[in-house]
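Trainee: My structure file structure_16.cif, mmCIF, N, CA and C atoms, pLDDT in the B column; chains and numbers go by the auth columns, is below:
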data_upload
#
loop_
_atom_site.group_PDB
_atom_site.id
_atom_site.type_symbol
_atom_site.label_atom_id
_atom_site.label_comp_id
_atom_site.label_asym_id
_atom_site.label_seq_id
_atom_site.Cartn_x
_atom_site.Cartn_y
_atom_site.Cartn_z
_atom_site.B_iso_or_equiv
_atom_site.auth_seq_id
_atom_site.auth_asym_id
ATOM 1 N N TYR A 1 16.686 5.300 -4.004 77.00 1 A
ATOM 2 C CA TYR A 1 15.601 5.399 -4.959 77.00 1 A
ATOM 3 C C TYR A 1 14.898 4.047 -5.061 77.00 1 A
ATOM 4 N N THR A 2 13.599 4.078 -4.971 86.00 2 A
ATOM 5 C CA THR A 2 12.779 2.870 -5.124 86.00 2 A
ATOM 6 C C THR A 2 11.705 3.172 -6.151 86.00 2 A
ATOM 7 N N ASP A 3 11.605 2.341 -7.170 89.00 3 A
ATOM 8 C CA ASP A 3 10.554 2.579 -8.152 89.00 3 A
ATOM 9 C C ASP A 3 9.248 1.958 -7.674 89.00 3 A
ATOM 10 N N SER A 4 8.181 2.208 -8.404 91.00 4 A
ATOM 11 C CA SER A 4 6.859 1.748 -7.953 91.00 4 A
ATOM 12 C C SER A 4 6.767 0.226 -7.899 91.00 4 A
ATOM 13 N N GLY A 5 7.475 -0.456 -8.766 93.00 5 A
ATOM 14 C CA GLY A 5 7.468 -1.919 -8.732 93.00 5 A
ATOM 15 C C GLY A 5 8.112 -2.460 -7.467 93.00 5 A
ATOM 16 N N GLN A 6 9.225 -1.867 -7.064 95.00 6 A
ATOM 17 C CA GLN A 6 9.900 -2.281 -5.838 95.00 6 A
ATOM 18 C C GLN A 6 9.058 -1.923 -4.611 95.00 6 A
ATOM 19 N N ALA A 7 8.442 -0.744 -4.639 96.00 7 A
ATOM 20 C CA ALA A 7 7.585 -0.327 -3.525 96.00 7 A
ATOM 21 C C ALA A 7 6.382 -1.248 -3.407 96.00 7 A
ATOM 22 N N TYR A 8 5.821 -1.635 -4.543 96.00 8 A
ATOM 23 C CA TYR A 8 4.678 -2.555 -4.553 96.00 8 A
ATOM 24 C C TYR A 8 5.083 -3.899 -3.943 96.00 8 A
ATOM 25 N N ALA A 9 6.232 -4.411 -4.357 97.00 9 A
ATOM 26 C CA ALA A 9 6.702 -5.705 -3.845 97.00 9 A
ATOM 27 C C ALA A 9 6.945 -5.638 -2.338 97.00 9 A
ATOM 28 N N LEU A 10 7.521 -4.553 -1.861 97.00 10 A
ATOM 29 C CA LEU A 10 7.753 -4.395 -0.429 97.00 10 A
ATOM 30 C C LEU A 10 6.435 -4.317 0.335 97.00 10 A
ATOM 31 N N ALA A 11 5.490 -3.530 -0.159 97.00 11 A
ATOM 32 C CA ALA A 11 4.184 -3.421 0.502 97.00 11 A
ATOM 33 C C ALA A 11 3.488 -4.780 0.551 97.00 11 A
ATOM 34 N N GLU A 12 3.597 -5.547 -0.511 97.00 12 A
ATOM 35 C CA GLU A 12 2.986 -6.880 -0.530 97.00 12 A
ATOM 36 C C GLU A 12 3.628 -7.805 0.493 97.00 12 A
ATOM 37 N N ARG A 13 4.957 -7.757 0.621 97.00 13 A
ATOM 38 C CA ARG A 13 5.641 -8.585 1.622 97.00 13 A
ATOM 39 C C ARG A 13 5.196 -8.192 3.029 97.00 13 A
ATOM 40 N N ILE A 14 5.091 -6.901 3.289 96.00 14 A
ATOM 41 C CA ILE A 14 4.642 -6.438 4.604 96.00 14 A
ATOM 42 C C ILE A 14 3.206 -6.885 4.850 96.00 14 A
ATOM 43 N N ARG A 15 2.349 -6.697 3.864 96.00 15 A
ATOM 44 C CA ARG A 15 0.934 -7.062 3.992 96.00 15 A
ATOM 45 C C ARG A 15 0.780 -8.550 4.275 96.00 15 A
ATOM 46 N N GLU A 16 1.475 -9.365 3.526 95.00 16 A
ATOM 47 C CA GLU A 16 1.376 -10.814 3.705 95.00 16 A
ATOM 48 C C GLU A 16 1.924 -11.247 5.067 95.00 16 A
ATOM 49 N N ARG A 17 3.027 -10.653 5.472 94.00 17 A
ATOM 50 C CA ARG A 17 3.628 -11.001 6.764 94.00 17 A
ATOM 51 C C ARG A 17 2.701 -10.615 7.917 94.00 17 A
ATOM 52 N N LEU A 18 2.103 -9.434 7.846 93.00 18 A
ATOM 53 C CA LEU A 18 1.167 -9.001 8.881 93.00 18 A
ATOM 54 C C LEU A 18 0.010 -9.975 9.021 93.00 18 A
ATOM 55 N N SER A 19 -0.500 -10.450 7.902 91.00 19 A
ATOM 56 C CA SER A 19 -1.673 -11.329 7.939 91.00 19 A
ATOM 57 C C SER A 19 -1.357 -12.706 8.512 91.00 19 A
ATOM 58 N N GLN A 20 -0.078 -13.051 8.611 91.00 20 A
ATOM 59 C CA GLN A 20 0.324 -14.344 9.164 91.00 20 A
ATOM 60 C C GLN A 20 0.540 -14.309 10.672 91.00 20 A
ATOM 61 N N GLU A 21 0.654 -13.132 11.238 89.00 21 A
ATOM 62 C CA GLU A 21 0.983 -12.984 12.655 89.00 21 A
ATOM 63 C C GLU A 21 -0.272 -12.926 13.522 89.00 21 A
ATOM 64 N N ASP A 22 -0.169 -13.529 14.674 89.00 22 A
ATOM 65 C CA ASP A 22 -1.210 -13.441 15.698 89.00 22 A
ATOM 66 C C ASP A 22 -0.607 -12.626 16.838 89.00 22 A
ATOM 67 N N PHE A 23 -0.686 -11.312 16.719 84.00 23 A
ATOM 68 C CA PHE A 23 0.018 -10.412 17.623 84.00 23 A
ATOM 69 C C PHE A 23 -0.454 -10.500 19.071 84.00 23 A
ATOM 70 N N ILE A 24 -1.726 -10.704 19.287 82.00 24 A
ATOM 71 C CA ILE A 24 -2.278 -10.691 20.641 82.00 24 A
ATOM 72 C C ILE A 24 -2.512 -12.103 21.173 82.00 24 A
ATOM 73 N N GLY A 25 -2.487 -13.074 20.312 86.00 25 A
ATOM 74 C CA GLY A 25 -2.702 -14.448 20.747 86.00 25 A
ATOM 75 C C GLY A 25 -4.163 -14.821 20.833 86.00 25 A
ATOM 76 N N ASN A 26 -5.008 -14.117 20.078 88.00 26 A
ATOM 77 C CA ASN A 26 -6.444 -14.404 20.123 88.00 26 A
ATOM 78 C C ASN A 26 -6.979 -14.884 18.780 88.00 26 A
ATOM 79 N N SER A 27 -6.100 -15.291 17.887 85.00 27 A
ATOM 80 C CA SER A 27 -6.443 -15.816 16.566 85.00 27 A
ATOM 81 C C SER A 27 -7.023 -14.783 15.613 85.00 27 A
ATOM 82 N N HIS A 28 -6.995 -13.516 15.975 85.00 28 A
ATOM 83 C CA HIS A 28 -7.423 -12.453 15.064 85.00 28 A
ATOM 84 C C HIS A 28 -6.209 -11.946 14.294 85.00 28 A
ATOM 85 N N ARG A 29 -6.341 -11.896 13.010 86.00 29 A
ATOM 86 C CA ARG A 29 -5.228 -11.496 12.163 86.00 29 A
ATOM 87 C C ARG A 29 -5.345 -10.013 11.783 86.00 29 A
ATOM 88 N N VAL A 30 -4.201 -9.405 11.589 88.00 30 A
ATOM 89 C CA VAL A 30 -4.125 -8.014 11.160 88.00 30 A
ATOM 90 C C VAL A 30 -4.088 -7.989 9.643 88.00 30 A
ATOM 91 N N THR A 31 -4.834 -7.081 9.063 91.00 31 A
ATOM 92 C CA THR A 31 -4.758 -6.879 7.619 91.00 31 A
ATOM 93 C C THR A 31 -4.319 -5.448 7.357 91.00 31 A
ATOM 94 N N ALA A 32 -3.837 -5.208 6.152 95.00 32 A
ATOM 95 C CA ALA A 32 -3.373 -3.871 5.791 95.00 32 A
ATOM 96 C C ALA A 32 -3.633 -3.632 4.314 95.00 32 A
ATOM 97 N N SER A 33 -3.907 -2.396 4.006 97.00 33 A
ATOM 98 C CA SER A 33 -4.044 -1.966 2.623 97.00 33 A
ATOM 99 C C SER A 33 -3.024 -0.863 2.370 97.00 33 A
ATOM 100 N N PHE A 34 -2.477 -0.848 1.162 97.00 34 A
ATOM 101 C CA PHE A 34 -1.458 0.130 0.799 97.00 34 A
ATOM 102 C C PHE A 34 -1.791 0.772 -0.538 97.00 34 A
ATOM 103 N N GLY A 35 -1.486 2.048 -0.643 97.00 35 A
ATOM 104 C CA GLY A 35 -1.548 2.773 -1.907 97.00 35 A
ATOM 105 C C GLY A 35 -0.140 3.165 -2.296 97.00 35 A
ATOM 106 N N ILE A 36 0.299 2.755 -3.466 97.00 36 A
ATOM 107 C CA ILE A 36 1.664 2.997 -3.923 97.00 36 A
ATOM 108 C C ILE A 36 1.656 4.038 -5.026 97.00 36 A
ATOM 109 N N SER A 37 2.558 4.993 -4.905 96.00 37 A
ATOM 110 C CA SER A 37 2.677 6.042 -5.907 96.00 37 A
ATOM 111 C C SER A 37 4.152 6.319 -6.153 96.00 37 A
ATOM 112 N N GLN A 38 4.484 6.707 -7.358 95.00 38 A
ATOM 113 C CA GLN A 38 5.849 7.102 -7.680 95.00 38 A
ATOM 114 C C GLN A 38 5.816 8.558 -8.123 95.00 38 A
ATOM 115 N N LEU A 39 6.716 9.356 -7.570 95.00 39 A
ATOM 116 C CA LEU A 39 6.774 10.775 -7.898 95.00 39 A
ATOM 117 C C LEU A 39 7.108 10.944 -9.376 95.00 39 A
ATOM 118 N N ARG A 40 6.270 11.704 -10.048 95.00 40 A
ATOM 119 C CA ARG A 40 6.467 11.967 -11.474 95.00 40 A
ATOM 120 C C ARG A 40 7.292 13.237 -11.658 95.00 40 A
ATOM 121 N N GLN A 41 7.940 13.318 -12.800 95.00 41 A
ATOM 122 C CA GLN A 41 8.707 14.515 -13.116 95.00 41 A
ATOM 123 C C GLN A 41 7.762 15.718 -13.142 95.00 41 A
ATOM 124 N N ASN A 42 8.152 16.789 -12.509 97.00 42 A
ATOM 125 C CA ASN A 42 7.385 18.042 -12.440 97.00 42 A
ATOM 126 C C ASN A 42 6.089 17.922 -11.645 97.00 42 A
ATOM 127 N N GLU A 43 5.928 16.873 -10.862 97.00 43 A
ATOM 128 C CA GLU A 43 4.740 16.702 -10.029 97.00 43 A
ATOM 129 C C GLU A 43 5.011 17.297 -8.649 97.00 43 A
ATOM 130 N N THR A 44 4.009 17.951 -8.087 97.00 44 A
ATOM 131 C CA THR A 44 4.169 18.471 -6.736 97.00 44 A
ATOM 132 C C THR A 44 4.050 17.325 -5.730 97.00 44 A
ATOM 133 N N ILE A 45 4.615 17.534 -4.570 97.00 45 A
ATOM 134 C CA ILE A 45 4.514 16.536 -3.501 97.00 45 A
ATOM 135 C C ILE A 45 3.049 16.324 -3.127 97.00 45 A
ATOM 136 N N LEU A 46 2.276 17.391 -3.120 97.00 46 A
ATOM 137 C CA LEU A 46 0.858 17.283 -2.779 97.00 46 A
ATOM 138 C C LEU A 46 0.122 16.390 -3.772 97.00 46 A
ATOM 139 N N ASP A 47 0.380 16.557 -5.057 97.00 47 A
ATOM 140 C CA ASP A 47 -0.268 15.703 -6.063 97.00 47 A
ATOM 141 C C ASP A 47 0.193 14.251 -5.936 97.00 47 A
ATOM 142 N N PHE A 48 1.466 14.056 -5.648 96.00 48 A
ATOM 143 C CA PHE A 48 2.018 12.717 -5.421 96.00 48 A
ATOM 144 C C PHE A 48 1.284 12.024 -4.268 96.00 48 A
ATOM 145 N N ILE A 49 1.117 12.739 -3.162 97.00 49 A
ATOM 146 C CA ILE A 49 0.426 12.181 -1.998 97.00 49 A
ATOM 147 C C ILE A 49 -1.044 11.934 -2.294 97.00 49 A
ATOM 148 N N LYS A 50 -1.679 12.819 -3.034 97.00 50 A
ATOM 149 C CA LYS A 50 -3.088 12.631 -3.393 97.00 50 A
ATOM 150 C C LYS A 50 -3.281 11.363 -4.218 97.00 50 A
ATOM 151 N N ARG A 51 -2.351 11.099 -5.146 97.00 51 A
ATOM 152 C CA ARG A 51 -2.467 9.877 -5.948 97.00 51 A
ATOM 153 C C ARG A 51 -2.278 8.631 -5.094 97.00 51 A
ATOM 154 N N ALA A 52 -1.341 8.673 -4.154 97.00 52 A
ATOM 155 C CA ALA A 52 -1.140 7.540 -3.245 97.00 52 A
ATOM 156 C C ALA A 52 -2.375 7.330 -2.374 97.00 52 A
ATOM 157 N N ASP A 53 -2.958 8.416 -1.889 98.00 53 A
ATOM 158 C CA ASP A 53 -4.158 8.332 -1.062 98.00 53 A
ATOM 159 C C ASP A 53 -5.327 7.751 -1.849 98.00 53 A
ATOM 160 N N LYS A 54 -5.471 8.171 -3.085 98.00 54 A
ATOM 161 C CA LYS A 54 -6.538 7.635 -3.940 98.00 54 A
ATOM 162 C C LYS A 54 -6.348 6.130 -4.153 98.00 54 A
ATOM 163 N N ALA A 55 -5.111 5.705 -4.356 97.00 55 A
ATOM 164 C CA ALA A 55 -4.819 4.273 -4.529 97.00 55 A
ATOM 165 C C ALA A 55 -5.143 3.508 -3.252 97.00 55 A
ATOM 166 N N LEU A 56 -4.852 4.101 -2.091 97.00 56 A
ATOM 167 C CA LEU A 56 -5.181 3.461 -0.818 97.00 56 A
ATOM 168 C C LEU A 56 -6.687 3.263 -0.692 97.00 56 A
ATOM 169 N N TYR A 57 -7.464 4.282 -1.024 97.00 57 A
ATOM 170 C CA TYR A 57 -8.917 4.145 -0.942 97.00 57 A
ATOM 171 C C TYR A 57 -9.444 3.127 -1.944 97.00 57 A
ATOM 172 N N GLN A 58 -8.810 3.027 -3.109 97.00 58 A
ATOM 173 C CA GLN A 58 -9.199 1.993 -4.075 97.00 58 A
ATOM 174 C C GLN A 58 -8.936 0.606 -3.485 97.00 58 A
ATOM 175 N N ALA A 59 -7.829 0.457 -2.790 97.00 59 A
ATOM 176 C CA ALA A 59 -7.513 -0.833 -2.156 97.00 59 A
ATOM 177 C C ALA A 59 -8.568 -1.177 -1.115 97.00 59 A
ATOM 178 N N LYS A 60 -8.951 -0.207 -0.320 96.00 60 A
ATOM 179 C CA LYS A 60 -9.955 -0.447 0.723 96.00 60 A
ATOM 180 C C LYS A 60 -11.321 -0.749 0.116 96.00 60 A
ATOM 181 N N GLU A 61 -11.694 -0.011 -0.914 96.00 61 A
ATOM 182 C CA GLU A 61 -13.008 -0.197 -1.534 96.00 61 A
ATOM 183 C C GLU A 61 -13.117 -1.492 -2.320 96.00 61 A
ATOM 184 N N SER A 62 -11.992 -2.049 -2.731 94.00 62 A
ATOM 185 C CA SER A 62 -12.032 -3.284 -3.520 94.00 62 A
ATOM 186 C C SER A 62 -11.823 -4.523 -2.667 94.00 62 A
ATOM 187 N N GLY A 63 -12.040 -4.388 -1.377 92.00 63 A
ATOM 188 C CA GLY A 63 -12.010 -5.566 -0.520 92.00 63 A
ATOM 189 C C GLY A 63 -11.007 -5.529 0.605 92.00 63 A
ATOM 190 N N ARG A 64 -10.230 -4.494 0.709 91.00 64 A
ATOM 191 C CA ARG A 64 -9.217 -4.351 1.761 91.00 64 A
ATOM 192 C C ARG A 64 -8.145 -5.434 1.672 91.00 64 A
ATOM 193 N N ASN A 65 -7.143 -5.306 2.530 95.00 65 A
ATOM 194 C CA ASN A 65 -6.040 -6.257 2.575 95.00 65 A
ATOM 195 C C ASN A 65 -5.411 -6.479 1.207 95.00 65 A
ATOM 196 N N ARG A 66 -5.046 -5.363 0.574 96.00 66 A
ATOM 197 C CA ARG A 66 -4.431 -5.427 -0.741 96.00 66 A
ATOM 198 C C ARG A 66 -3.590 -4.187 -0.998 96.00 66 A
ATOM 199 N N THR A 67 -2.815 -4.237 -2.054 97.00 67 A
ATOM 200 C CA THR A 67 -1.969 -3.126 -2.467 97.00 67 A
ATOM 201 C C THR A 67 -2.399 -2.683 -3.852 97.00 67 A
ATOM 202 N N VAL A 68 -2.536 -1.370 -4.032 98.00 68 A
ATOM 203 C CA VAL A 68 -2.944 -0.813 -5.313 98.00 68 A
ATOM 204 C C VAL A 68 -1.926 0.261 -5.711 98.00 68 A
ATOM 205 N N ARG A 69 -1.504 0.214 -6.976 97.00 69 A
ATOM 206 C CA ARG A 69 -0.611 1.248 -7.508 97.00 69 A
ATOM 207 C C ARG A 69 -1.438 2.402 -8.059 97.00 69 A
ATOM 208 N N ALA A 70 -0.982 3.615 -7.790 96.00 70 A
ATOM 209 C CA ALA A 70 -1.654 4.801 -8.296 96.00 70 A
ATOM 210 C C ALA A 70 -1.524 4.872 -9.812 96.00 70 A
ATOM 211 N N ALA A 71 -2.546 5.414 -10.441 90.00 71 A
ATOM 212 C CA ALA A 71 -2.525 5.588 -11.906 90.00 71 A
ATOM 213 C C ALA A 71 -1.669 6.770 -12.278 90.00 71 A
#
I'd like the structure from this file rewritten - as C-alpha cells, please.
Mentor:
Amino acid sequence: YTDSGQAYALAERIRERLSQEDFIGNSHRVTASFGISQLRQNETILDFIKRADKALYQAKESGRNRTVRAA
C-alpha cells in the first residue's frame, strides 16, 4: 500500500533523476510529468484513473516537468 504522499514523493524522485540524465549524450534532457491519484473508498477503478489522468493534464498545462496530485 502506498498513499498519495508516498506516490508523490516517488514520482518527484523519478522526475528529478530523469532530468539529470543525458541518455543519448547530446545534452538534451528528458522531462516527465506525473498525475498522482489515490483510490477512494467506493470509487470505481475508472474514476480513479480519470482523476489521475486529469492531474497529469494539469501538470502538462502548468508548464510540464512536474507532479500534480488529483483532487
Trainee: Could you tell me which of A:Thr44, A:Gln6, A:Gln58, A:Asn65 comes closest to Val30 of chain A if we count only N, CA and C atoms?
Mentor: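 Among the listed residues, the smallest separation from Val30 of chain A belongs to A:Asn65.
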Trainee: Could you find all residues in chain A that DSSP calls strand (DSSP E) from the backbone, and write them as a ChimeraX atom specification?
Mentor: /A:34-36,67-69
Trainee: Atom C of Ser19 of chain A and atom C of Asp53 of chain A, how far apart in Å?
Mentor: 23.3 Å
Trainee: Segment 59-64 of chain A: which residues within 7 Å, counting all atoms listed in the file, same-chain residues fewer than 2 positions away excluded, as a CSV table (one decimal) with N, CA and C atoms, in the coordinates of the input?
Mentor:
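Done, and the output landed in out_22.csv:
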chain,number,residue,atom,x,y,z
A,31,THR,N,-4.8,-7.1,9.1
A,31,THR,CA,-4.8,-6.9,7.6
A,31,THR,C,-4.3,-5.4,7.4
A,32,ALA,N,-3.8,-5.2,6.2
A,32,ALA,CA,-3.4,-3.9,5.8
A,32,ALA,C,-3.6,-3.6,4.3
A,33,SER,N,-3.9,-2.4,4.0
A,33,SER,CA,-4.0,-2.0,2.6
A,33,SER,C,-3.0,-0.9,2.4
A,34,PHE,N,-2.5,-0.8,1.2
A,34,PHE,CA,-1.5,0.1,0.8
A,34,PHE,C,-1.8,0.8,-0.5
A,35,GLY,N,-1.5,2.0,-0.6
A,35,GLY,CA,-1.5,2.8,-1.9
A,35,GLY,C,-0.1,3.2,-2.3
A,54,LYS,N,-5.5,8.2,-3.1
A,54,LYS,CA,-6.5,7.6,-3.9
A,54,LYS,C,-6.3,6.1,-4.2
A,55,ALA,N,-5.1,5.7,-4.4
A,55,ALA,CA,-4.8,4.3,-4.5
A,55,ALA,C,-5.1,3.5,-3.3
A,56,LEU,N,-4.9,4.1,-2.1
A,56,LEU,CA,-5.2,3.5,-0.8
A,56,LEU,C,-6.7,3.3,-0.7
A,57,TYR,N,-7.5,4.3,-1.0
A,57,TYR,CA,-8.9,4.1,-0.9
A,57,TYR,C,-9.4,3.1,-1.9
A,66,ARG,N,-5.0,-5.4,0.6
A,66,ARG,CA,-4.4,-5.4,-0.7
A,66,ARG,C,-3.6,-4.2,-1.0
A,67,THR,N,-2.8,-4.2,-2.1
A,67,THR,CA,-2.0,-3.1,-2.5
A,67,THR,C,-2.4,-2.7,-3.9
A,68,VAL,N,-2.5,-1.4,-4.0
A,68,VAL,CA,-2.9,-0.8,-5.3
A,68,VAL,C,-1.9,0.3,-5.7
Trainee: Could you state the separation of atom CA of Ser4 of chain A and atom C of Asp47 of chain A in Å, given to one decimal place?
Mentor: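 So the two atoms, atom CA of Ser4 of chain A and atom C of Asp47 of chain A, lie 14.3 Å apart.
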Trainee: Expand the PyMOL selection byres (((chain A and resi 38 and name CA) around 7) and name CA) into the explicit residue set it covers here, and present it as a PDB file with N, CA and C atoms, in the coordinates of the input.
Mentor:
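This is the output file out-v8.pdb:
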ATOM      1  N   ASP A   3      11.605   2.341  -7.170  1.00 89.00           N
ATOM      2  CA  ASP A   3      10.554   2.579  -8.152  1.00 89.00           C
ATOM      3  C   ASP A   3       9.248   1.958  -7.674  1.00 89.00           C
ATOM      4  N   SER A   4       8.181   2.208  -8.404  1.00 91.00           N
ATOM      5  CA  SER A   4       6.859   1.748  -7.953  1.00 91.00           C
ATOM      6  C   SER A   4       6.767   0.226  -7.899  1.00 91.00           C
ATOM      7  N   ILE A  36       0.299   2.755  -3.466  1.00 97.00           N
ATOM      8  CA  ILE A  36       1.664   2.997  -3.923  1.00 97.00           C
ATOM      9  C   ILE A  36       1.656   4.038  -5.026  1.00 97.00           C
ATOM     10  N   SER A  37       2.558   4.993  -4.905  1.00 96.00           N
ATOM     11  CA  SER A  37       2.677   6.042  -5.907  1.00 96.00           C
ATOM     12  C   SER A  37       4.152   6.319  -6.153  1.00 96.00           C
ATOM     13  N   LEU A  39       6.716   9.356  -7.570  1.00 95.00           N
ATOM     14  CA  LEU A  39       6.774  10.775  -7.898  1.00 95.00           C
ATOM     15  C   LEU A  39       7.108  10.944  -9.376  1.00 95.00           C
ATOM     16  N   ARG A  40       6.270  11.704 -10.048  1.00 95.00           N
ATOM     17  CA  ARG A  40       6.467  11.967 -11.474  1.00 95.00           C
ATOM     18  C   ARG A  40       7.292  13.237 -11.658  1.00 95.00           C
TER      19      ARG A  40
END
